[in-house]
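J.: My structure is in model.txt, and what it holds is compact mmCIF, C-alpha atoms:
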# COMPACT_ATOMS: atom_id res chain seq x y z
CA MET A 1 31.15 6.43 -13.97
CA THR A 2 27.94 6.26 -15.97
CA ASN A 3 25.34 8.99 -15.85
CA GLU A 4 23.01 6.77 -13.79
CA THR A 5 25.68 5.99 -11.20
CA GLU A 6 26.55 9.69 -10.96
CA LEU A 7 22.91 10.59 -10.40
CA ILE A 8 22.59 7.97 -7.67
CA GLU A 9 25.73 9.23 -5.92
CA LEU A 10 24.46 12.81 -6.09
CA LEU A 11 21.05 11.71 -4.79
CA LYS A 12 22.74 10.03 -1.83
CA GLN A 13 24.14 13.47 -0.99
CA GLY A 14 20.60 14.91 -1.15
CA ASP A 15 21.06 16.71 -4.46
CA GLU A 16 17.66 17.97 -5.66
CA THR A 17 18.69 18.32 -9.31
CA ALA A 18 19.74 14.68 -9.35
CA PHE A 19 16.43 13.72 -7.77
CA LYS A 20 14.53 15.65 -10.43
CA ALA A 21 16.55 13.96 -13.18
CA ILE A 22 15.86 10.53 -11.69
CA VAL A 23 12.12 11.22 -11.40
CA GLU A 24 11.96 12.46 -14.99
CA GLN A 25 13.94 9.51 -16.29
CA TRP A 26 11.95 6.78 -14.51
CA GLN A 27 8.49 8.26 -13.91
CA ASP A 28 6.75 6.57 -16.86
CA MET A 29 8.22 3.19 -15.96
CA VAL A 30 7.10 3.49 -12.33
CA TYR A 31 3.66 4.87 -13.23
CA ASN A 32 2.99 2.25 -15.91
CA THR A 33 3.98 -0.62 -13.60
CA ILE A 34 1.79 0.64 -10.78
CA LEU A 35 -1.10 1.40 -13.13
CA GLY A 36 -1.02 -2.17 -14.45
CA ILE A 37 -1.31 -3.53 -10.92
CA VAL A 38 -3.79 -1.13 -9.28
CA GLN A 39 -5.77 -0.38 -12.48
CA ASN A 40 -6.76 3.11 -11.41
CA GLU A 41 -5.10 6.25 -12.79
CA THR A 42 -5.59 8.53 -9.76
CA GLU A 43 -4.34 5.91 -7.31
CA ALA A 44 -1.43 5.07 -9.61
CA GLU A 45 -0.31 8.70 -9.65
CA ASP A 46 -0.43 8.99 -5.86
CA LEU A 47 1.47 5.73 -5.50
CA ALA A 48 4.09 6.82 -8.06
CA GLN A 49 4.68 9.87 -5.86
CA ASP A 50 5.04 7.57 -2.83
CA VAL A 51 7.58 5.45 -4.69
CA PHE A 52 9.82 8.41 -5.52
CA ILE A 53 9.58 9.75 -1.96
CA LYS A 54 10.69 6.30 -0.76
CA VAL A 55 13.53 6.38 -3.30
CA PHE A 56 14.67 9.75 -1.92
CA GLU A 57 14.46 8.55 1.67
CA LYS A 58 16.00 5.11 1.16
CA ILE A 59 18.60 5.73 -1.53
CA SER A 60 21.38 5.21 1.03
CA SER A 61 20.27 1.56 1.31
CA PHE A 62 20.80 1.02 -2.43
CA LYS A 63 24.21 -0.65 -2.57
CA GLY A 64 24.29 -1.29 -6.30
CA ASP A 65 24.07 -5.09 -5.94
CA SER A 66 21.24 -5.04 -8.47
CA LYS A 67 20.42 -2.64 -11.29
CA PHE A 68 18.81 0.63 -10.18
CA SER A 69 15.80 -0.16 -12.39
CA THR A 70 15.37 -3.54 -10.64
CA TRP A 71 15.43 -1.82 -7.24
CA LEU A 72 12.91 0.73 -8.50
CA TYR A 73 10.62 -1.99 -9.93
CA ARG A 74 10.73 -3.76 -6.54
CA ILE A 75 9.68 -0.61 -4.68
CA ALA A 76 6.95 0.11 -7.25
CA THR A 77 5.46 -3.40 -7.21
CA THR A 78 5.64 -3.67 -3.41
CA THR A 79 3.97 -0.27 -2.99
CA ALA A 80 1.21 -1.17 -5.46
CA LEU A 81 0.57 -4.58 -3.87
CA ASP A 82 0.54 -3.10 -0.34
CA HIS A 83 -2.05 -0.60 -1.56
CA LEU A 84 -4.22 -3.37 -3.02
CA ARG A 85 -3.99 -5.36 0.24
CA SER A 86 -5.08 -2.36 2.27
CA LYS A 87 -7.94 -1.72 -0.18
CA LYS A 88 -9.03 -5.35 0.14
CA ARG A 89 -9.03 -5.11 3.95
CA LYS A 90 -11.23 -2.00 3.76
CA LYS A 91 -13.54 -3.76 1.29
CA ARG A 92 -13.89 -6.74 3.64
CA PHE A 93 -14.68 -4.41 6.52
CA GLY A 94 -17.24 -2.62 4.33
CA PHE A 95 -18.76 -5.97 3.40
CA LEU A 96 -19.13 -6.88 7.08
CA GLN A 97 -20.71 -3.48 7.71
CA SER A 98 -23.12 -3.99 4.84
CA LEU A 99 -24.05 -7.41 6.29
CA SER A 100 -24.78 -5.89 9.67
CA GLY A 101 -26.62 -3.04 7.94
CA GLY A 102 -28.73 -5.54 6.04
CA GLY A 103 -27.80 -4.55 2.50
CA GLY A 104 -24.98 -6.00 0.42
CA ASP A 105 -23.62 -4.86 -2.93
CA GLU A 106 -23.94 -7.96 -5.01
CA LYS A 107 -23.71 -6.32 -8.40
CA GLU A 108 -21.43 -8.08 -10.83
CA GLN A 109 -18.41 -5.88 -11.51
CA VAL A 110 -18.08 -4.92 -15.16
CA PRO A 111 -14.67 -4.42 -16.80
CA ASP A 112 -14.13 -0.68 -16.46
CA PHE A 113 -10.39 -0.03 -16.53
CA HIS A 114 -9.04 1.28 -19.81
CA HIS A 115 -5.26 1.44 -20.04
CA PRO A 116 -4.25 4.61 -21.93
CA GLY A 117 -1.65 2.73 -23.96
CA VAL A 118 -4.10 0.30 -25.55
CA SER A 119 -5.18 1.01 -29.13
CA LEU A 120 -8.81 1.92 -29.71
CA ASP A 121 -9.69 -1.31 -31.55
CA ASN A 122 -8.42 -3.40 -28.61
CA LYS A 123 -9.94 -1.23 -25.88
CA GLU A 124 -12.90 -3.43 -24.91
CA ARG A 125 -10.98 -6.71 -25.10
CA ALA A 126 -8.11 -5.24 -23.03
CA ALA A 127 -10.60 -4.09 -20.40
CA VAL A 128 -11.91 -7.67 -20.12
CA LEU A 129 -8.33 -8.95 -19.87
CA PHE A 130 -7.44 -6.41 -17.17
CA LYS A 131 -10.45 -7.55 -15.15
CA ALA A 132 -9.15 -11.11 -15.37
CA ILE A 133 -5.58 -9.99 -14.48
CA ASP A 134 -6.98 -8.26 -11.41
CA ALA A 135 -8.25 -11.61 -10.12
CA LEU A 136 -4.85 -13.33 -10.41
CA PRO A 137 -2.81 -14.15 -7.30
CA GLU A 138 -0.31 -11.38 -6.44
CA ASN A 139 2.88 -12.99 -7.74
CA GLN A 140 1.26 -14.08 -11.02
CA LYS A 141 -0.22 -10.61 -11.47
CA THR A 142 3.15 -8.95 -10.86
CA ALA A 143 5.02 -11.26 -13.23
CA TYR A 144 2.36 -10.90 -15.94
CA THR A 145 2.25 -7.08 -15.60
CA LEU A 146 6.03 -6.69 -15.72
CA HIS A 147 6.31 -8.99 -18.74
CA LYS A 148 3.30 -7.81 -20.72
CA LEU A 149 3.05 -4.10 -19.86
CA GLU A 150 6.68 -3.26 -19.22
CA GLY A 151 8.07 -5.71 -21.75
CA LEU A 152 10.58 -7.20 -19.31
CA SER A 153 12.22 -10.49 -20.21
CA TYR A 154 11.70 -13.48 -17.90
CA ARG A 155 15.26 -12.94 -16.63
CA ASP A 156 14.52 -9.30 -15.71
CA VAL A 157 11.24 -10.32 -14.07
CA SER A 158 13.10 -12.98 -12.07
CA GLU A 159 15.54 -10.32 -10.80
CA VAL A 160 12.70 -8.03 -9.72
CA LEU A 161 10.90 -10.88 -7.96
CA ASN A 162 14.19 -12.19 -6.59
CA THR A 163 13.56 -15.67 -7.95
CA THR A 164 14.75 -17.97 -10.74
CA VAL A 165 13.88 -17.78 -14.42
CA SER A 166 12.18 -21.19 -14.27
CA ALA A 167 10.02 -19.95 -11.39
CA VAL A 168 8.94 -17.00 -13.54
CA GLU A 169 8.18 -19.37 -16.45
CA SER A 170 6.01 -21.40 -14.11
CA LEU A 171 4.28 -18.24 -12.79
CA MET A 172 3.56 -17.06 -16.35
CA SER A 173 2.24 -20.46 -17.39
CA ARG A 174 -0.12 -20.57 -14.39
CA ALA A 175 -1.16 -16.96 -15.01
CA ASN A 176 -2.06 -17.80 -18.63
CA GLN A 177 -4.03 -20.87 -17.54
CA ASN A 178 -5.96 -18.84 -14.96
CA LEU A 179 -6.64 -16.07 -17.46
CA ARG A 180 -7.96 -18.53 -20.05
CA LYS A 181 -10.24 -20.08 -17.45
CA GLN A 182 -11.62 -16.72 -16.38
CA LEU A 183 -12.06 -15.49 -19.95
CA GLU A 184 -13.88 -18.69 -20.86
CA GLU A 185 -16.31 -18.13 -17.99
CA TYR A 186 -16.74 -14.48 -19.00
CA TYR A 187 -17.40 -15.20 -22.68
CA ASN A 188 -19.70 -18.12 -21.91
CA LYS A 189 -21.84 -15.61 -20.01
CA HIS A 190 -21.50 -12.59 -22.28
CA TYR A 191 -20.75 -13.79 -25.81
CA ARG A 192 -23.59 -13.13 -28.25
CA MET B 1 -17.82 -22.17 -36.80
CA THR B 2 -19.41 -23.43 -33.58
CA GLN B 3 -20.12 -21.22 -30.57
CA LYS B 4 -17.31 -22.92 -28.64
CA GLU B 5 -14.80 -22.23 -31.42
CA LYS B 6 -15.93 -18.61 -31.59
CA ILE B 7 -15.40 -18.25 -27.86
CA GLN B 8 -11.93 -19.80 -28.12
CA GLU B 9 -11.05 -17.34 -30.85
CA GLU B 10 -12.34 -14.48 -28.73
CA ILE B 11 -10.19 -15.65 -25.81
CA GLU B 12 -7.09 -15.75 -28.02
CA ARG B 13 -7.75 -12.26 -29.34
CA THR B 14 -8.35 -10.97 -25.81
CA LEU B 15 -5.08 -12.49 -24.57
CA GLN B 16 -3.29 -10.80 -27.47
CA SER B 17 -4.92 -7.42 -26.83
CA LEU B 18 -1.97 -6.24 -24.73
CA ASP B 19 0.68 -7.32 -27.23
CA SER B 20 0.99 -3.88 -28.78
CA VAL B 21 0.27 -1.84 -25.65
CA LYS B 22 2.21 1.39 -25.22
CA ARG B 23 3.66 2.54 -21.91
CA ALA B 24 1.29 4.84 -20.00
CA GLU B 25 2.81 8.26 -19.37
CA ALA B 26 2.94 9.82 -15.94
CA ASN B 27 1.63 13.31 -15.26
CA ALA B 28 4.04 15.97 -16.54
CA PHE B 29 3.93 17.68 -13.13
CA LEU B 30 4.78 14.58 -11.14
CA PHE B 31 8.05 16.01 -9.79
CA THR B 32 6.34 19.26 -8.70
CA ARG B 33 3.73 17.23 -6.82
CA ILE B 34 6.37 15.04 -5.21
CA LYS B 35 8.26 18.14 -4.03
CA ALA B 36 5.06 19.69 -2.67
CA ARG B 37 4.32 16.51 -0.70
CA MET B 38 7.87 16.29 0.62
CA ASN B 39 7.79 19.95 1.76
CA LYS B 40 4.43 19.41 3.45
CA LYS B 41 5.71 16.25 5.10
CA SER B 42 8.86 17.88 6.39
CA SER B 43 7.07 20.91 7.82
CA GLY B 44 6.14 20.67 11.48
CA TRP B 45 3.16 18.81 12.82
CA GLU B 46 2.55 16.31 10.03
CA SER B 47 5.94 14.69 10.53
CA ILE B 48 5.43 14.70 14.32
CA PHE B 49 1.98 13.09 14.02
CA SER B 50 3.14 10.55 11.47
CA PHE B 51 6.04 9.64 13.81
CA ILE B 52 3.78 9.35 16.86
CA SER B 53 1.13 7.37 15.00
CA LYS B 54 3.58 4.60 14.08
CA PRO B 55 2.35 1.52 16.01
CA ALA B 56 5.72 0.82 17.64
CA ILE B 57 6.11 4.42 18.83
CA ALA B 58 2.48 4.67 20.01
CA ILE B 59 2.77 1.41 22.00
CA ALA B 60 6.09 2.54 23.50
CA ILE B 61 4.57 5.90 24.58
CA VAL B 62 1.58 4.15 26.21
CA ALA B 63 3.94 1.71 27.98
CA ILE B 64 6.08 4.58 29.29
CA VAL B 65 3.01 6.49 30.56
CA MET B 66 1.69 3.34 32.28
CA ALA B 67 5.11 2.62 33.81
CA VAL B 68 5.41 6.20 35.15
CA ASN B 69 1.87 6.00 36.58
CA GLY B 70 2.58 2.62 38.15
CA TRP B 71 5.82 3.87 39.66
CA ALA B 72 4.10 7.03 41.02
CA LEU B 73 1.34 4.96 42.66
CA TRP B 74 3.77 2.44 44.07
CA SER B 75 6.11 5.08 45.51
CA ASP B 76 3.14 6.95 47.10
CA ASN B 77 1.93 3.74 48.75
CA VAL B 78 5.37 2.90 50.07
CA GLU B 79 5.81 6.39 51.56
CA GLU B 80 2.35 6.88 53.03
CA ILE B 81 1.14 3.43 54.08
CA GLY B 82 4.54 2.31 55.27
CA ASP B 83 4.70 5.23 57.74
CA PRO B 84 2.83 4.39 61.08
CA GLU B 85 1.98 8.07 61.64
CA ASN B 86 0.22 8.22 58.29
CA VAL B 87 -1.65 5.03 59.05
CA SER B 88 -3.08 6.45 62.27
CA GLU B 89 -3.92 9.73 60.52
CA LEU B 90 -5.74 7.77 57.86
CA ALA B 91 -7.67 5.82 60.49
CA THR B 92 -8.73 9.04 62.27
CA GLU B 93 -9.81 10.63 59.04
CA TYR B 94 -11.68 7.50 58.00
CA ASN B 95 -13.56 7.38 61.34
CA SER B 96 -14.59 11.03 61.15
CA VAL B 97 -15.86 10.64 57.60
CA ALA B 98 -17.61 7.36 58.43
CA SER B 99 -19.50 8.99 61.30
CA VAL B 100 -21.11 11.50 58.98
CA ASN B 101 -24.47 10.58 57.51
CA ASN B 102 -23.53 9.39 54.04
CA TYR B 103 -26.62 11.00 52.53
CA ASP B 104 -25.94 14.39 54.11
CA TYR B 105 -23.54 15.60 51.43
CA GLU B 106 -23.97 19.31 52.12
CA ASN B 107 -22.89 19.05 55.79
CA ILE B 108 -19.76 16.99 55.24
CA ALA B 109 -17.65 20.09 54.66
CA SER B 110 -18.96 21.98 57.70
CA GLU B 111 -18.29 19.18 60.23
For this file, produce the structure as structure tokens.
T.:
Amino acid sequence: MTNETELIELLKQGDETAFKAIVEQWQDMVYNTILGIVQNETEAEDLAQDVFIKVFEKISSFKGDSKFSTWLYRIATTTALDHLRSKKRKKRFGFLQSLSGGGGDEKEQVPDFHHPGVSLDNKERAAVLFKAIDALPENQKTAYTLHKLEGLSYRDVSEVLNTTVSAVESLMSRANQNLRKQLEEYYNKHYR
Amino acid sequence: MTQKEKIQEEIERTLQSLDSVKRAEANAFLFTRIKARMNKKSSGWESIFSFISKPAIAIAIVAIVMAVNGWALWSDNVEEIGDPENVSELATEYNSVASVNNYDYENIASE
């Protein structure tokens, strides 16, 4: 039995030490994935906590058909996307309220998310790229984040998304096209 | 270099800006915070409220309350209206109340 399998078995019995070891082993992976999707450090930390609580509560449903990391990536991406959907719903409601109140916030949103793992000389460009990533459709955003930020291969991404490698290739190709289009619009407006 | 070429170069450099990104690190106290949240969740009212506020549970509770109310009303009607004695009592009571001046609220009790 590997160390990981042992930890999972102990966690299924409710062992707190095993839970702590699992959190410490996977926390950066979970946090980084969520951060890439929600692009907000405070929200990402809260959601990372949610993910591990779900892991503790649902570990009995993990049958070992996939890798533990794949299962964890699935929970992390689903939690992050659910959070974004709920945020969007609230935003729409706020927009309707602002319409009925007479005033709308029509300010153009500037790129303001700075990933802590980006080097200083790439900081501004990465912020522009993150803004463009944020506008991608959910599945493209997830595939792009897992591949670019977590360094997963297309095969690993396909396992997380429960799809084929060719489907991931297609998602990545469309994501790159969309990003280019958005960046072109951005630089046409802002390039001096 | 034309403006368009410069923009294309900028796009390429922007797309490559995540190539050497490092993994963001979670808060060192993440486990402590998770434990605190789990303890809070498992203690008393919060877990009860979170259980009750689940849509399925809330709808089921409302349905049960409405069913109990409906059953109580129905069983009262069957017992009271179905009984001829109660019907005549009701008619007598109705007649006595109807004979009182409807605007004379203060004297209803004394009659």
J.: Rounded to one decimal in Å, what is the spacing between atom CA of A:Asp50 and atom CA of A:Thr163?
T.: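 Interatomic distance, atom CA of A:Asp50 to atom CA of A:Thr163: 25.3 Å.
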J.: So how many Å separate atom CA of A:Leu183 and atom CA of A:Val30, to one decimal?
T.: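 It comes out at 28.0 Å.
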J.: Select all residues from chain A having any atom no more than 9 Å from an atom of chain B (counting only C-alpha atoms, ignoring ligands), output as a tab-separated table (two decimals) with C-alpha atoms, keeping the file's coordinate frame.
T.:
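The result, stored in part.tsv:
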chain	number	residue	atom	x	y	z
A	19	PHE	CA	16.43	13.72	-7.77
A	20	LYS	CA	14.53	15.65	-10.43
A	23	VAL	CA	12.12	11.22	-11.40
A	24	GLU	CA	11.96	12.46	-14.99
A	27	GLN	CA	8.49	8.26	-13.91
A	28	ASP	CA	6.75	6.57	-16.86
A	29	MET	CA	8.22	3.19	-15.96
A	30	VAL	CA	7.10	3.49	-12.33
A	31	TYR	CA	3.66	4.87	-13.23
A	32	ASN	CA	2.99	2.25	-15.91
A	33	THR	CA	3.98	-0.62	-13.60
A	35	LEU	CA	-1.10	1.40	-13.13
A	45	GLU	CA	-0.31	8.70	-9.65
A	48	ALA	CA	4.09	6.82	-8.06
A	49	GLN	CA	4.68	9.87	-5.86
A	50	ASP	CA	5.04	7.57	-2.83
A	52	PHE	CA	9.82	8.41	-5.52
A	53	ILE	CA	9.58	9.75	-1.96
A	115	HIS	CA	-5.26	1.44	-20.04
A	116	PRO	CA	-4.25	4.61	-21.93
A	117	GLY	CA	-1.65	2.73	-23.96
A	118	VAL	CA	-4.10	0.30	-25.55
A	119	SER	CA	-5.18	1.01	-29.13
A	122	ASN	CA	-8.42	-3.40	-28.61
A	123	LYS	CA	-9.94	-1.23	-25.88
A	124	GLU	CA	-12.90	-3.43	-24.91
A	125	ARG	CA	-10.98	-6.71	-25.10
A	126	ALA	CA	-8.11	-5.24	-23.03
A	128	VAL	CA	-11.91	-7.67	-20.12
A	129	LEU	CA	-8.33	-8.95	-19.87
A	148	LYS	CA	3.30	-7.81	-20.72
A	149	LEU	CA	3.05	-4.10	-19.86
A	150	GLU	CA	6.68	-3.26	-19.22
A	176	ASN	CA	-2.06	-17.80	-18.63
A	179	LEU	CA	-6.64	-16.07	-17.46
A	180	ARG	CA	-7.96	-18.53	-20.05
A	183	LEU	CA	-12.06	-15.49	-19.95
A	184	GLU	CA	-13.88	-18.69	-20.86
A	187	TYR	CA	-17.40	-15.20	-22.68
A	188	ASN	CA	-19.70	-18.12	-21.91
A	191	TYR	CA	-20.75	-13.79	-25.81
J.: What is the atom CA of A:Gly64-atom CA of A:Glu6 distance in Å, reported with one decimal?
T.: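 We find that atom CA of A:Gly64 and atom CA of A:Glu6 lie 12.1 Å from each other.
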J.: May I ask which of the residues A:Lys54, A:His147, A:Lys90, A:Lys63 is the closest one to A:Glu9, counting only C-alpha atoms?
T.: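 Counting only C-alpha atoms, the residue closest to A:Glu9 is A:Lys63.
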J.: Set up a box along x, y and z of the file covering all listed atoms of stretch 24-30 of chain B, add 5 Å on every one of the six sides, and write the centre and edge lengths in Å to one decimal, as AutoDock Vina command-line options.
T.:
--center_x 3.0 --center_y 11.3 --center_z -15.6 --size_x 13.5 --size_y 22.8 --size_z 18.9
J.: For stretch 50-68 of chain B, supply N, CA and C atoms and report the output as a compact mmCIF listing (two decimals), in the frame of the given file.
T.:
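To be explicit, this is the file written out as part.txt:
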# COMPACT_ATOMS: atom_id res chain seq x y z
N SER B 50 2.89 11.82 12.16
CA SER B 50 3.14 10.55 11.47
C SER B 50 4.14 9.71 12.26
N PHE B 51 5.08 10.38 12.98
CA PHE B 51 6.04 9.64 13.81
C PHE B 51 5.32 9.01 15.01
N ILE B 52 4.48 9.83 15.66
CA ILE B 52 3.78 9.35 16.86
C ILE B 52 2.78 8.24 16.52
N SER B 53 2.17 8.34 15.33
CA SER B 53 1.13 7.37 15.00
C SER B 53 1.68 6.02 14.52
N LYS B 54 3.02 5.91 14.42
CA LYS B 54 3.58 4.60 14.08
C LYS B 54 3.28 3.64 15.24
N PRO B 55 2.76 2.43 14.94
CA PRO B 55 2.35 1.52 16.01
C PRO B 55 3.42 1.31 17.08
N ALA B 56 4.65 1.11 16.67
CA ALA B 56 5.72 0.82 17.64
C ALA B 56 5.91 2.01 18.59
N ILE B 57 5.90 3.22 18.01
CA ILE B 57 6.11 4.42 18.83
C ILE B 57 4.91 4.62 19.77
N ALA B 58 3.69 4.46 19.21
CA ALA B 58 2.48 4.67 20.01
C ALA B 58 2.45 3.69 21.19
N ILE B 59 2.77 2.42 20.93
CA ILE B 59 2.77 1.41 22.00
C ILE B 59 3.84 1.75 23.05
N ALA B 60 5.00 2.19 22.57
CA ALA B 60 6.09 2.54 23.50
C ALA B 60 5.67 3.71 24.39
N ILE B 61 5.00 4.73 23.80
CA ILE B 61 4.57 5.90 24.58
C ILE B 61 3.56 5.46 25.66
N VAL B 62 2.58 4.63 25.25
CA VAL B 62 1.58 4.15 26.21
C VAL B 62 2.26 3.35 27.33
N ALA B 63 3.23 2.51 26.97
CA ALA B 63 3.94 1.71 27.98
C ALA B 63 4.69 2.60 28.95
N ILE B 64 5.33 3.66 28.42
CA ILE B 64 6.08 4.58 29.29
C ILE B 64 5.12 5.29 30.26
N VAL B 65 3.99 5.79 29.71
CA VAL B 65 3.01 6.49 30.56
C VAL B 65 2.51 5.56 31.66
N MET B 66 2.19 4.30 31.28
CA MET B 66 1.69 3.34 32.28
C MET B 66 2.77 3.03 33.32
N ALA B 67 4.01 2.92 32.88
CA ALA B 67 5.11 2.62 33.81
C ALA B 67 5.30 3.78 34.79
N VAL B 68 5.25 5.03 34.29
CA VAL B 68 5.41 6.20 35.15
C VAL B 68 4.26 6.26 36.17
